[in-house]
>>> print(open('work_23.cif').read())   # mmCIF, C-alpha atoms
data_target
loop_
_atom_site.label_atom_id
_atom_site.label_comp_id
_atom_site.auth_asym_id
_atom_site.auth_seq_id
_atom_site.Cartn_x
_atom_site.Cartn_y
_atom_site.Cartn_z
CA ARG D 24 59.07 74.71 31.78
CA ALA D 25 58.90 72.57 28.65
CA LEU D 26 56.23 69.91 28.43
CA ARG D 27 57.73 66.42 28.19
CA LEU D 28 55.30 63.67 27.45
CA GLN D 29 55.76 60.30 25.84
CA ILE D 30 52.68 58.52 24.61
CA ASP D 31 52.82 54.99 23.28
CA ALA D 32 50.45 54.42 20.38
CA ALA D 33 49.31 51.10 18.96
CA ASP D 34 50.69 51.77 15.47
CA ASN D 35 52.59 54.25 13.29
CA LEU D 36 51.31 57.82 13.59
CA ASN D 37 51.14 59.96 10.45
CA ALA D 38 49.63 63.18 11.81
CA VAL D 39 49.36 64.90 15.20
CA ALA D 40 47.50 67.91 16.58
CA LEU D 41 47.36 69.66 19.94
CA SER D 42 44.16 71.33 21.11
CA ALA D 43 44.29 75.14 21.44
CA ASP D 44 43.93 74.86 25.22
CA GLY D 45 46.80 72.35 25.37
CA ARG D 46 44.69 69.67 27.07
CA LEU D 47 44.38 67.09 24.26
CA VAL D 48 46.75 65.39 21.83
CA LEU D 49 45.23 63.78 18.76
CA ALA D 50 47.01 61.46 16.35
CA GLY D 51 46.03 59.81 13.09
CA GLY D 52 47.28 56.27 12.68
CA SER D 53 48.46 54.22 9.75
CA GLU D 54 45.61 51.77 10.38
CA GLY D 55 42.97 54.53 9.93
CA SER D 56 42.16 55.50 13.52
CA LEU D 57 42.06 58.83 15.33
CA GLN D 58 43.53 58.49 18.81
CA VAL D 59 42.97 60.98 21.63
CA TRP D 60 44.99 61.43 24.83
CA ARG D 61 44.91 63.82 27.80
CA VAL D 62 48.15 65.83 27.81
CA GLU D 63 48.33 66.20 31.59
CA ASP D 64 49.12 62.55 32.20
CA GLY D 65 48.99 60.76 28.83
CA THR D 66 45.72 58.98 29.64
CA PRO D 67 44.08 57.55 26.49
CA LEU D 68 40.63 59.07 26.00
CA GLY D 69 39.56 57.10 22.98
CA GLU D 70 40.39 55.55 19.66
CA LEU D 71 37.94 56.53 16.95
CA HIS D 72 37.46 54.47 13.80
CA GLY D 73 36.07 55.72 10.51
CA HIS D 74 38.70 55.24 7.81
CA ASP D 75 39.53 52.04 5.96
CA PHE D 76 43.17 53.02 5.43
CA ALA D 77 45.85 55.32 6.86
CA VAL D 78 45.17 58.84 8.11
CA ASN D 79 47.42 61.28 6.21
CA GLY D 80 46.30 64.59 7.65
CA LEU D 81 44.63 65.91 10.78
CA ASP D 82 43.33 69.25 12.01
CA LEU D 83 41.48 70.41 15.08
CA ALA D 84 39.14 73.39 15.22
CA LYS D 85 40.16 76.13 17.64
CA GLY D 86 37.28 75.35 20.01
CA GLY D 87 38.52 71.77 20.33
CA ARG D 88 35.22 70.05 19.64
CA ILE D 89 35.59 69.30 15.90
CA ALA D 90 38.45 67.38 14.31
CA ALA D 91 38.98 66.45 10.67
CA THR D 92 41.07 63.63 9.22
CA ALA D 93 42.21 62.96 5.65
CA SER D 94 42.84 59.42 4.48
CA VAL D 95 44.26 57.15 1.83
CA ASP D 96 40.69 55.78 1.53
CA GLU D 97 39.72 58.93 -0.51
CA THR D 98 37.65 60.46 2.31
CA VAL D 99 37.69 63.23 4.86
CA GLU D 100 36.13 62.34 8.20
CA LEU D 101 34.69 64.94 10.56
CA TRP D 102 34.67 64.05 14.25
CA ASP D 103 32.67 65.34 17.20
CA LEU D 104 35.17 64.95 20.02
CA GLU D 105 32.57 65.36 22.77
CA SER D 106 30.52 62.39 21.59
CA ARG D 107 33.65 60.61 20.24
CA GLU D 108 31.78 59.83 17.00
CA SER D 109 32.03 60.64 13.33
CA SER D 110 29.70 63.48 12.34
CA ALA D 111 30.23 63.22 8.55
CA THR D 112 32.20 61.42 5.87
CA LEU D 113 33.12 63.62 2.91
CA PHE D 114 33.66 62.07 -0.52
CA GLY D 115 34.89 63.54 -3.80
CA HIS D 116 38.63 63.09 -4.24
CA GLN D 117 39.85 60.60 -6.83
CA GLY D 118 42.65 58.99 -4.86
CA ALA D 119 44.20 59.54 -1.46
CA VAL D 120 43.39 62.70 0.49
CA LEU D 121 46.72 64.10 1.66
CA ALA D 122 45.83 67.21 3.67
CA VAL D 123 42.96 68.69 5.63
CA ALA D 124 42.28 71.98 7.41
CA LEU D 125 39.45 73.48 9.43
CA SER D 126 38.70 77.18 9.48
CA ALA D 127 39.29 78.83 12.88
CA ASP D 128 35.54 78.91 13.57
CA GLY D 129 35.16 75.26 12.49
CA ARG D 130 32.51 76.08 9.88
CA LEU D 131 34.59 75.13 6.81
CA VAL D 132 36.80 72.17 6.02
CA ALA D 133 39.27 72.05 3.14
CA SER D 134 41.19 69.13 1.72
CA GLY D 135 43.92 68.50 -0.82
CA GLY D 136 44.42 65.28 -2.68
CA ILE D 137 46.67 63.24 -4.87
CA ASP D 138 44.22 64.10 -7.68
CA GLY D 139 45.53 67.69 -7.64
CA THR D 140 42.29 69.18 -6.37
CA VAL D 141 41.44 71.34 -3.38
CA ARG D 142 37.91 70.91 -2.04
CA VAL D 143 35.95 73.02 0.45
CA TRP D 144 32.96 71.79 2.42
CA ARG D 145 30.66 73.20 5.06
CA SER D 146 31.42 71.19 8.20
CA GLY D 147 27.91 71.31 9.67
CA ASP D 148 26.21 69.36 6.88
CA GLY D 149 29.10 68.16 4.70
CA ASP D 150 27.81 70.11 1.69
CA ARG D 151 30.62 70.51 -0.88
CA LEU D 152 30.91 74.20 -1.67
CA LYS D 153 33.90 74.51 -4.01
CA VAL D 154 36.33 72.44 -6.04
CA TYR D 155 39.58 73.93 -7.32
CA ALA D 156 41.79 72.17 -9.88
CA ARG D 157 44.72 74.58 -10.19
CA HIS D 158 47.66 72.40 -9.12
CA HIS D 159 49.52 70.05 -11.46
CA GLY D 160 50.10 67.05 -9.24
CA PRO D 161 49.27 66.18 -5.63
CA VAL D 162 48.20 68.82 -3.12
CA TRP D 163 50.24 68.22 0.04
CA SER D 164 48.97 70.98 2.31
CA VAL D 165 46.01 73.29 2.88
CA ALA D 166 45.48 76.08 5.43
CA PHE D 167 42.94 78.82 6.13
CA THR D 168 43.89 82.37 7.00
CA PRO D 169 42.81 83.29 10.56
CA ASP D 170 39.73 85.17 9.27
CA GLY D 171 38.63 82.13 7.20
CA GLU D 172 38.18 84.19 4.03
CA THR D 173 41.21 82.86 2.16
CA LEU D 174 42.52 79.35 1.68
CA LEU D 175 46.10 78.42 0.79
CA SER D 176 47.41 75.21 -0.74
CA GLY D 177 50.83 73.81 -1.47
CA GLY D 178 51.51 71.18 -4.07
CA ALA D 179 54.05 68.88 -5.64
CA ASP D 180 54.23 71.38 -8.50
CA GLY D 181 56.20 73.69 -6.20
CA LEU D 182 53.42 76.26 -6.01
CA VAL D 183 51.56 77.89 -3.14
CA MET D 184 48.11 78.99 -4.31
CA THR D 185 45.57 81.25 -2.65
CA TYR D 186 41.80 81.09 -3.03
CA ASP D 187 39.32 83.84 -2.30
CA LEU D 188 36.48 81.79 -0.84
CA ASP D 189 33.90 84.42 -1.85
CA ALA D 190 34.82 84.18 -5.55
CA PRO D 191 33.36 81.52 -7.90
CA PRO D 192 35.60 78.43 -8.05
CA GLY D 193 35.82 78.12 -11.84
CA PRO D 194 35.66 74.79 -13.71
CA GLU D 195 36.27 71.55 -11.84
#
>>> encode(input="work_23.cif", output="structure tokens")
Amino acid sequence: RALRLQIDAADNLNAVALSADGRLVLAGGSEGSLQVWRVEDGTPLGELHGHDFAVNGLDLAKGGRIAATASVDETVELWDLESRESSATLFGHQGAVLAVALSADGRLVASGGIDGTVRVWRSGDGDRLKVYARHHGPVWSVAFTPDGETLLSGGADGLVMTYDLDAPPGPE
């Protein structure tokens, strides 16, 4: 039986994610919020605020406790969904952040931006680990392999790039 659910949000939604257990729907809004609903009946569980402008990208760690959002405001926000609070704000992109991904174990977060860079942070403390500047133009998507050892990115230059996260990043 197919799940049919209609949820009415307060504003335009730019990104959505479903928790691995299928219990939560998350959506990033054009006004900068992260909204959370229970799938079973569409009950709103919270609207989290941390960005000054629109959310462009959203990912949810497999365990369902950590979410990450990417925004026009040049930041990545990490969210603790149990406490419904921001756990870190990550800075570094020069311009809008277009994409975000969490590794399957939730330990790493990656982002891609309009500045053509891919950045990797440790989610626990927000420490920036690597910066890659290999694309020519905006980076529209990022994704980790299931083992978390390789990162992929896709850009406006028509390229998909891979990154061995154990190798040195090279010049910024």
>>> closest_atom_pairs(input="work_23.cif", of="range 84-123 of chain D", to="range 145-158 of chain D", cutoff="8 Å", atoms="all atoms listed in the file", output="JSON lines")
{"residue": "D:Leu101", "atom": "CA", "partner": "D:Ser146", "partner_atom": "CA", "distance": 7.4}
{"residue": "D:Ala111", "atom": "CA", "partner": "D:Gly149", "partner_atom": "CA", "distance": 6.4}
{"residue": "D:Thr112", "atom": "CA", "partner": "D:Gly149", "partner_atom": "CA", "distance": 7.5}
{"residue": "D:Leu113", "atom": "CA", "partner": "D:Gly149", "partner_atom": "CA", "distance": 6.3}
>>> resolve_selection(input="work_23.cif", expression="the PyMOL selection byres ((chain D and resi 79-86) around 8)", output="PyMOL selection string")
chain D and resi 37-43+50-51+53+77-78+87-95+120-129
>>> residues_around(input="work_23.cif", residues="His116 in chain D", least_positions_apart="3", cutoff="8 Å", atoms="all atoms listed in the file", output="PDB file with C-alpha atoms, keeping the file's coordinate frame")
ATOM      1  CA  GLU D  97      39.720  58.930  -0.510  1.00  0.00           C
ATOM      2  CA  THR D  98      37.650  60.460   2.310  1.00  0.00           C
ATOM      3  CA  ALA D 119      44.200  59.540  -1.460  1.00  0.00           C
ATOM      4  CA  VAL D 120      43.390  62.700   0.490  1.00  0.00           C
ATOM      5  CA  GLY D 136      44.420  65.280  -2.680  1.00  0.00           C
ATOM      6  CA  ASP D 138      44.220  64.100  -7.680  1.00  0.00           C
ATOM      7  CA  THR D 140      42.290  69.180  -6.370  1.00  0.00           C
TER       8      THR D 140
END
>>> residues_around(input="work_23.cif", residues="Gly181 in chain D", least_positions_apart="6", cutoff="12 Å", atoms="all atoms listed in the file", output="PyMOL selection string")
chain D and resi 158-164
>>> atom_distance(input="work_23.cif", atom1="CA of Leu47 in chain D", atom2="CA of Ala133 in chain D")
22.3 Å
>>> atom_distance(input="work_23.cif", atom1="CA of Val141 in chain D", atom2="CA of Pro191 in chain D")
13.8 Å
>>> atom_distance(input="work_23.cif", atom1="CA of Gln117 in chain D", atom2="CA of Gly135 in chain D")
10.7 Å
>>> closest_residue(input="work_23.cif", among="D:Leu71, D:Leu57, D:Val62, D:Ile137", to="Asn35 in chain D", atoms="only C-alpha atoms")
D:Leu57
>>> residues_near_point(input="work_23.cif", point="(41.4, 55.2, 14.6)", cutoff="8 Å", atoms="all atoms listed in the file", output="ChimeraX atom specification")
/D:51-52,54-58,70-74
>>> closest_residue(input="work_23.cif", among="D:Trp102, D:Phe167, D:Phe76, D:Trp144", to="Val59 in chain D", atoms="all atoms listed in the file")
D:Trp102
>>> closest_residue(input="work_23.cif", among="D:Asp180, D:Arg61, D:Arg107, D:Tyr186", to="Arg142 in chain D", atoms="only C-alpha atoms")
D:Tyr186
>>> resolve_selection(input="work_23.cif", expression="the PyMOL selection byres ((chain D and resi 173-177) around 6)", output="ChimeraX atom specification")
/D:162-168,171-172,178,182-188
>>> build_atoms(input="work_23.cif", residues="range 169-180 of chain D", atoms="all heavy atoms", output="JSON list (two decimals), in the coordinates of the input")
[["chain", "number", "residue", "atom", "x", "y", "z"],
["D", 169, "PRO", "N", 43.54, 83.20, 9.29],
["D", 169, "PRO", "CA", 42.81, 83.29, 10.56],
["D", 169, "PRO", "C", 41.37, 83.79, 10.42],
["D", 169, "PRO", "O", 40.50, 83.36, 11.18],
["D", 169, "PRO", "CB", 43.66, 84.26, 11.39],
["D", 169, "PRO", "CG", 45.05, 84.06, 10.87],
["D", 169, "PRO", "CD", 44.87, 83.84, 9.39],
["D", 170, "ASP", "N", 41.09, 84.66, 9.45],
["D", 170, "ASP", "CA", 39.73, 85.17, 9.27],
["D", 170, "ASP", "C", 38.84, 84.20, 8.48],
["D", 170, "ASP", "O", 37.64, 84.41, 8.35],
["D", 170, "ASP", "CB", 39.72, 86.55, 8.62],
["D", 170, "ASP", "CG", 40.31, 86.56, 7.21],
["D", 170, "ASP", "OD1", 40.52, 85.48, 6.61],
["D", 170, "ASP", "OD2", 40.56, 87.67, 6.71],
["D", 171, "GLY", "N", 39.40, 83.13, 7.93],
["D", 171, "GLY", "CA", 38.63, 82.13, 7.20],
["D", 171, "GLY", "C", 38.17, 82.55, 5.83],
["D", 171, "GLY", "O", 37.43, 81.83, 5.17],
["D", 172, "GLU", "N", 38.64, 83.69, 5.33],
["D", 172, "GLU", "CA", 38.18, 84.19, 4.03],
["D", 172, "GLU", "C", 39.06, 83.74, 2.88],
["D", 172, "GLU", "O", 38.67, 83.81, 1.73],
["D", 172, "GLU", "CB", 38.09, 85.71, 4.06],
["D", 172, "GLU", "CG", 37.00, 86.19, 5.00],
["D", 172, "GLU", "CD", 36.91, 87.71, 5.07],
["D", 172, "GLU", "OE1", 37.48, 88.39, 4.21],
["D", 172, "GLU", "OE2", 36.23, 88.20, 5.99],
["D", 173, "THR", "N", 40.27, 83.29, 3.19],
["D", 173, "THR", "CA", 41.21, 82.86, 2.16],
["D", 173, "THR", "C", 41.76, 81.49, 2.54],
["D", 173, "THR", "O", 41.99, 81.20, 3.70],
["D", 173, "THR", "CB", 42.37, 83.87, 2.03],
["D", 173, "THR", "OG1", 41.83, 85.16, 1.77],
["D", 173, "THR", "CG2", 43.33, 83.48, 0.92],
["D", 174, "LEU", "N", 41.95, 80.67, 1.51],
["D", 174, "LEU", "CA", 42.52, 79.35, 1.68],
["D", 174, "LEU", "C", 43.85, 79.32, 0.93],
["D", 174, "LEU", "O", 43.98, 79.95, -0.13],
["D", 174, "LEU", "CB", 41.57, 78.30, 1.11],
["D", 174, "LEU", "CG", 42.00, 76.84, 1.18],
["D", 174, "LEU", "CD1", 42.05, 76.36, 2.62],
["D", 174, "LEU", "CD2", 41.04, 75.98, 0.37],
["D", 175, "LEU", "N", 44.82, 78.61, 1.46],
["D", 175, "LEU", "CA", 46.10, 78.42, 0.79],
["D", 175, "LEU", "C", 46.33, 76.93, 0.57],
["D", 175, "LEU", "O", 45.86, 76.11, 1.37],
["D", 175, "LEU", "CB", 47.25, 78.97, 1.64],
["D", 175, "LEU", "CG", 47.26, 80.46, 1.86],
["D", 175, "LEU", "CD1", 46.53, 80.81, 3.13],
["D", 175, "LEU", "CD2", 48.67, 80.96, 1.91],
["D", 176, "SER", "N", 47.04, 76.60, -0.49],
["D", 176, "SER", "CA", 47.41, 75.21, -0.74],
["D", 176, "SER", "C", 48.83, 75.15, -1.26],
["D", 176, "SER", "O", 49.31, 76.08, -1.91],
["D", 176, "SER", "CB", 46.45, 74.56, -1.74],
["D", 176, "SER", "OG", 46.53, 75.19, -3.00],
["D", 177, "GLY", "N", 49.49, 74.05, -0.97],
["D", 177, "GLY", "CA", 50.83, 73.81, -1.47],
["D", 177, "GLY", "C", 50.88, 72.46, -2.15],
["D", 177, "GLY", "O", 50.30, 71.49, -1.66],
["D", 178, "GLY", "N", 51.53, 72.42, -3.32],
["D", 178, "GLY", "CA", 51.51, 71.18, -4.07],
["D", 178, "GLY", "C", 52.86, 70.69, -4.52],
["D", 178, "GLY", "O", 53.88, 71.37, -4.39],
["D", 179, "ALA", "N", 52.84, 69.50, -5.10],
["D", 179, "ALA", "CA", 54.05, 68.88, -5.64],
["D", 179, "ALA", "C", 54.59, 69.65, -6.83],
["D", 179, "ALA", "O", 55.73, 69.44, -7.23],
["D", 179, "ALA", "CB", 53.76, 67.43, -6.02],
["D", 180, "ASP", "N", 53.78, 70.56, -7.38],
["D", 180, "ASP", "CA", 54.23, 71.38, -8.50],
["D", 180, "ASP", "C", 55.09, 72.55, -8.04],
["D", 180, "ASP", "O", 55.52, 73.37, -8.85],
["D", 180, "ASP", "CB", 53.04, 71.88, -9.31],
["D", 180, "ASP", "CG", 51.99, 72.60, -8.49],
["D", 180, "ASP", "OD1", 52.22, 72.87, -7.29],
["D", 180, "ASP", "OD2", 50.91, 72.89, -9.05]]
